Every structure is written in C-alpha cells, then in structure tokens.
Amino acid sequence: MADKIKSSYKFSKSFYDDAITQGKWWSKLYFKLLWGGVDDNEIARRVLSWIPDDFKGRLLDVPVGTAVFTTEKYRKMKQADITCLDYSQDMLEQAEYRFRGTGISNIQTMQGDVGALPFEEGTFDIVLCMNGLHVFPNKGKAYAEILRTLKPGGELLACFYIAGEQRGADWLAKTVMTRMGWFTPPFDTANDVRQRLEPYYDILDFHVEGAMLYFRARKR
C-alpha cells in the first residue's frame, strides 16, 4: 500500500494542482458532478483563516502536498515555526520549490509517515491536516500520532473526504481513487470522525459540505 501511494502521487504530480484547485474545465466538472459542487479553494481558505497571521508557535503541516493552498498563508506567518511533512517525495519537492520561490525561510520540510511522526510528545501548537485523512492507510495511527505530538490546548485543523454524504463521491472514492492509490479505505463518515475526536478534543467548528468535512478541534 505504501508503494502504491508513492507511485500514485508521482504519477499525478503534473496535474495534481489543477485537479484540487479546479484550475481546468475538467476539474471544475469533476467537482460539480461527483463532489456536490464543493469548492476546495473556499474550504482551504476557511481552514487557514483559523490560524492568525501573527501566530508565533510551532505548526506541523501533514501532509503538505504541493503547498498549493498554504504557500501564500505561510508567507504571511513570519513569526511561526513551521514543519511540513509528506510521505511523497514528489509532492514535497514541489512544495519546497514553491517555498523557495516566495522567499519563505521559517519552514522545515521533511519526508515522513504520519503514522510514526519523528517528534516528541507535545511538540506542536497546531497540526494542520488538509486533504490527508482519506489517504492515510492507518487512520487510527494517524489520529493517535497527531494527538501525541499536539500540546494540551493545541489545535487540530483538518479537511478531507468523508463517506456517506454524496453517492457520486462515494462511487468515485471506491472505484477510481482507491484503485489509483490516491485514497485509502476504510473511509470515515462524519459521525465516525466525531467519535474519534470527542474523547480527546473539544470540537470548536465542525462543517460538512458536499462530501467534504472540515473542522477545528482543541486538545484537552
């Protein structure tokens, strides 16, 4: 499964940004027909708005992907200590290229596995997880590692695909995205996510749009 994920994101690196930002006609049609017309750009904007531009703490972005949604935000966050991690070296290289192009100097990038994060307990004030939790093979480990590396009072900000909201999206996830290695079952429903969060977090925001969930939760 790990090799399939790496190869799938290597294959998609030339069109990944256009796909998730609806930068081409085909990606706009794809989101309209199969994702309930949800706008990933707007959801990303809302999630990132939960982080103040003058944030001074430590932030982990996992998976960073190509940083297509986050580069402009990070350019404003000059006082933050940002770590960007991704399992795909191809995605990471594109993120690094973007960061260099905007002169951002307060970011450390690294290849790694969310299921075995190389950080001490309570390292981060914020963990940002955009378009990742539907990809991670072992979602239980991912949630556990994020929880472990967050400080008490730290926040998990996330957005990702959830099952049970859009029939077209569920079909696509099972028959195309999983086979290609871009998504990894089993997929959580909104209620599954609440059950994962509620024992450990106070849920501050929780929104479902189309087949996408985005939330903000604070570790107790």
# chains A, B, ... in the order shown; residues from 1 in each chain; ligands from 1
>>> residues_around(residues="stretch 120-132 of chain A", least_positions_apart="4", cutoff="9 Å", atoms="only C-alpha atoms", output="MDAnalysis selection string")
chainID A and resid 44 47:48 51 57:65 136 145:161 183 214
>>> select_by_dssp(residues="stretch 133-191 of chain A", states="alpha helix (DSSP H)", output="list in words")
Lys139, Gly140, Lys141, Ala142, Tyr143, Ala144, Glu145, Ile146, Leu147, Arg148, Thr149, Arg167, Gly168, Ala169, Asp170, Trp171, Leu172, Thr178, Arg179, Met180, Ala190 and Asn191 of chain A
>>> write_last_selection(atoms="N, CA and C atoms", output="mmCIF file, in the first residue's frame")
data_model
loop_
_atom_site.group_PDB
_atom_site.id
_atom_site.type_symbol
_atom_site.label_atom_id
_atom_site.label_comp_id
_atom_site.auth_asym_id
_atom_site.auth_seq_id
_atom_site.Cartn_x
_atom_site.Cartn_y
_atom_site.Cartn_z
ATOM 1 N N LYS A 139 -5.669 5.029 9.701
ATOM 2 C CA LYS A 139 -6.216 6.274 10.215
ATOM 3 C C LYS A 139 -6.149 6.342 11.744
ATOM 4 N N GLY A 140 -6.278 5.177 12.398
ATOM 5 C CA GLY A 140 -6.151 5.159 13.855
ATOM 6 C C GLY A 140 -4.784 5.634 14.309
ATOM 7 N N LYS A 141 -3.725 5.144 13.651
ATOM 8 C CA LYS A 141 -2.367 5.576 13.994
ATOM 9 C C LYS A 141 -2.167 7.051 13.697
ATOM 10 N N ALA A 142 -2.724 7.509 12.585
ATOM 11 C CA ALA A 142 -2.584 8.917 12.222
ATOM 12 C C ALA A 142 -3.198 9.816 13.296
ATOM 13 N N TYR A 143 -4.431 9.513 13.694
ATOM 14 C CA TYR A 143 -5.071 10.304 14.749
ATOM 15 C C TYR A 143 -4.280 10.227 16.052
ATOM 16 N N ALA A 144 -3.772 9.050 16.372
ATOM 17 C CA ALA A 144 -3.027 8.877 17.625
ATOM 18 C C ALA A 144 -1.730 9.670 17.614
ATOM 19 N N GLU A 145 -1.027 9.668 16.494
ATOM 20 C CA GLU A 145 0.238 10.399 16.404
ATOM 21 C C GLU A 145 0.014 11.909 16.411
ATOM 22 N N ILE A 146 -1.032 12.355 15.739
ATOM 23 C CA ILE A 146 -1.359 13.784 15.782
ATOM 24 C C ILE A 146 -1.674 14.204 17.211
ATOM 25 N N LEU A 147 -2.475 13.402 17.897
ATOM 26 C CA LEU A 147 -2.821 13.696 19.293
ATOM 27 C C LEU A 147 -1.574 13.723 20.168
ATOM 28 N N ARG A 148 -0.690 12.758 19.993
ATOM 29 C CA ARG A 148 0.528 12.657 20.810
ATOM 30 C C ARG A 148 1.423 13.874 20.633
ATOM 31 N N THR A 149 1.558 14.352 19.414
ATOM 32 C CA THR A 149 2.510 15.430 19.156
ATOM 33 C C THR A 149 1.916 16.819 19.373
ATOM 34 N N ARG A 167 -23.432 10.228 -3.105
ATOM 35 C CA ARG A 167 -23.314 8.926 -3.760
ATOM 36 C C ARG A 167 -22.251 8.941 -4.849
ATOM 37 N N GLY A 168 -22.203 10.023 -5.619
ATOM 38 C CA GLY A 168 -21.200 10.115 -6.675
ATOM 39 C C GLY A 168 -19.792 10.103 -6.122
ATOM 40 N N ALA A 169 -19.577 10.828 -5.035
ATOM 41 C CA ALA A 169 -18.251 10.869 -4.414
ATOM 42 C C ALA A 169 -17.869 9.518 -3.835
ATOM 43 N N ASP A 170 -18.825 8.834 -3.221
ATOM 44 C CA ASP A 170 -18.548 7.510 -2.665
ATOM 45 C C ASP A 170 -18.178 6.521 -3.769
ATOM 46 N N TRP A 171 -18.894 6.595 -4.889
ATOM 47 C CA TRP A 171 -18.573 5.730 -6.025
ATOM 48 C C TRP A 171 -17.173 6.020 -6.544
ATOM 49 N N LEU A 172 -16.863 7.305 -6.686
ATOM 50 C CA LEU A 172 -15.551 7.703 -7.193
ATOM 51 C C LEU A 172 -14.436 7.249 -6.254
ATOM 52 N N THR A 178 -9.389 4.891 -5.009
ATOM 53 C CA THR A 178 -8.732 3.816 -4.264
ATOM 54 C C THR A 178 -7.859 2.972 -5.183
ATOM 55 N N ARG A 179 -8.388 2.631 -6.355
ATOM 56 C CA ARG A 179 -7.608 1.814 -7.292
ATOM 57 C C ARG A 179 -6.332 2.520 -7.735
ATOM 58 N N MET A 180 -6.408 3.836 -7.872
ATOM 59 C CA MET A 180 -5.242 4.599 -8.306
ATOM 60 C C MET A 180 -4.249 4.852 -7.178
ATOM 61 N N ALA A 190 -18.960 11.341 8.858
ATOM 62 C CA ALA A 190 -18.874 12.476 9.790
ATOM 63 C C ALA A 190 -19.035 12.006 11.231
ATOM 64 N N ASN A 191 -19.928 11.062 11.463
ATOM 65 C CA ASN A 191 -20.128 10.544 12.812
ATOM 66 C C ASN A 191 -18.906 9.774 13.304
#
>>> atom_distance(atom1="atom CA of A:Leu85", atom2="atom CA of A:Lys56")
19.3 Å
>>> select_by_dssp(residues="stretch 121-196 of chain A", states="strand (DSSP E)", output="PyMOL selection string")
chain A and resi 124-130+150-161
>>> residues_around(residues="stretch 111-113 of chain A", least_positions_apart="4", cutoff="8 Å", atoms="only C-alpha atoms", output="list of chain:residue names")
A:Leu85, A:Asp86, A:Tyr87, A:Ser88, A:Gln89, A:Leu92, A:Leu117, A:Pro118
>>> write_last_selection(atoms="all heavy atoms", output="compact mmCIF listing (two decimals), in the first residue's frame")
# COMPACT_ATOMS: atom_id res chain seq x y z
N LEU A 85 5.57 18.09 6.39
CA LEU A 85 5.92 16.68 6.20
C LEU A 85 5.00 16.05 5.18
O LEU A 85 3.81 16.33 5.15
CB LEU A 85 5.84 15.96 7.54
CG LEU A 85 6.25 14.49 7.62
CD1 LEU A 85 6.92 14.18 8.95
CD2 LEU A 85 5.03 13.57 7.43
N ASP A 86 5.57 15.19 4.33
CA ASP A 86 4.76 14.44 3.38
C ASP A 86 5.42 13.10 3.12
O ASP A 86 6.65 12.98 3.18
CB ASP A 86 4.61 15.21 2.06
CG ASP A 86 3.36 14.80 1.29
OD1 ASP A 86 3.32 13.67 0.75
OD2 ASP A 86 2.41 15.60 1.25
N TYR A 87 4.61 12.09 2.85
CA TYR A 87 5.11 10.76 2.55
C TYR A 87 5.67 10.69 1.14
O TYR A 87 6.59 9.92 0.86
CB TYR A 87 3.98 9.74 2.71
CG TYR A 87 4.44 8.31 2.70
CD1 TYR A 87 5.20 7.80 3.75
CD2 TYR A 87 4.10 7.46 1.65
CE1 TYR A 87 5.63 6.48 3.74
CE2 TYR A 87 4.52 6.14 1.64
CZ TYR A 87 5.28 5.66 2.69
OH TYR A 87 5.71 4.36 2.68
N SER A 88 5.12 11.51 0.24
CA SER A 88 5.55 11.53 -1.16
C SER A 88 6.68 12.53 -1.38
O SER A 88 6.49 13.74 -1.19
CB SER A 88 4.36 11.89 -2.07
OG SER A 88 4.80 12.23 -3.36
N GLN A 89 7.82 12.05 -1.79
CA GLN A 89 8.94 12.93 -2.08
C GLN A 89 8.64 13.84 -3.25
O GLN A 89 9.09 14.99 -3.30
CB GLN A 89 10.20 12.11 -2.37
CG GLN A 89 11.47 12.93 -2.46
CD GLN A 89 11.84 13.63 -1.16
OE1 GLN A 89 11.72 13.04 -0.07
NE2 GLN A 89 12.26 14.88 -1.24
N LEU A 92 6.61 16.70 -1.96
CA LEU A 92 7.47 17.52 -1.10
C LEU A 92 8.39 18.42 -1.93
O LEU A 92 8.60 19.60 -1.60
CB LEU A 92 8.29 16.61 -0.20
CG LEU A 92 8.88 17.21 1.07
CD1 LEU A 92 7.77 17.74 1.98
CD2 LEU A 92 9.70 16.16 1.82
N LEU A 117 5.29 9.69 13.53
CA LEU A 117 5.87 11.03 13.46
C LEU A 117 7.15 11.12 14.27
O LEU A 117 7.19 10.68 15.43
CB LEU A 117 4.87 12.07 13.95
CG LEU A 117 3.62 12.27 13.08
CD1 LEU A 117 2.63 13.21 13.76
CD2 LEU A 117 4.01 12.82 11.70
N PRO A 118 8.21 11.71 13.71
CA PRO A 118 9.51 11.76 14.39
C PRO A 118 9.65 12.96 15.33
O PRO A 118 10.65 13.69 15.29
CB PRO A 118 10.49 11.86 13.21
CG PRO A 118 9.74 12.66 12.20
CD PRO A 118 8.29 12.23 12.33
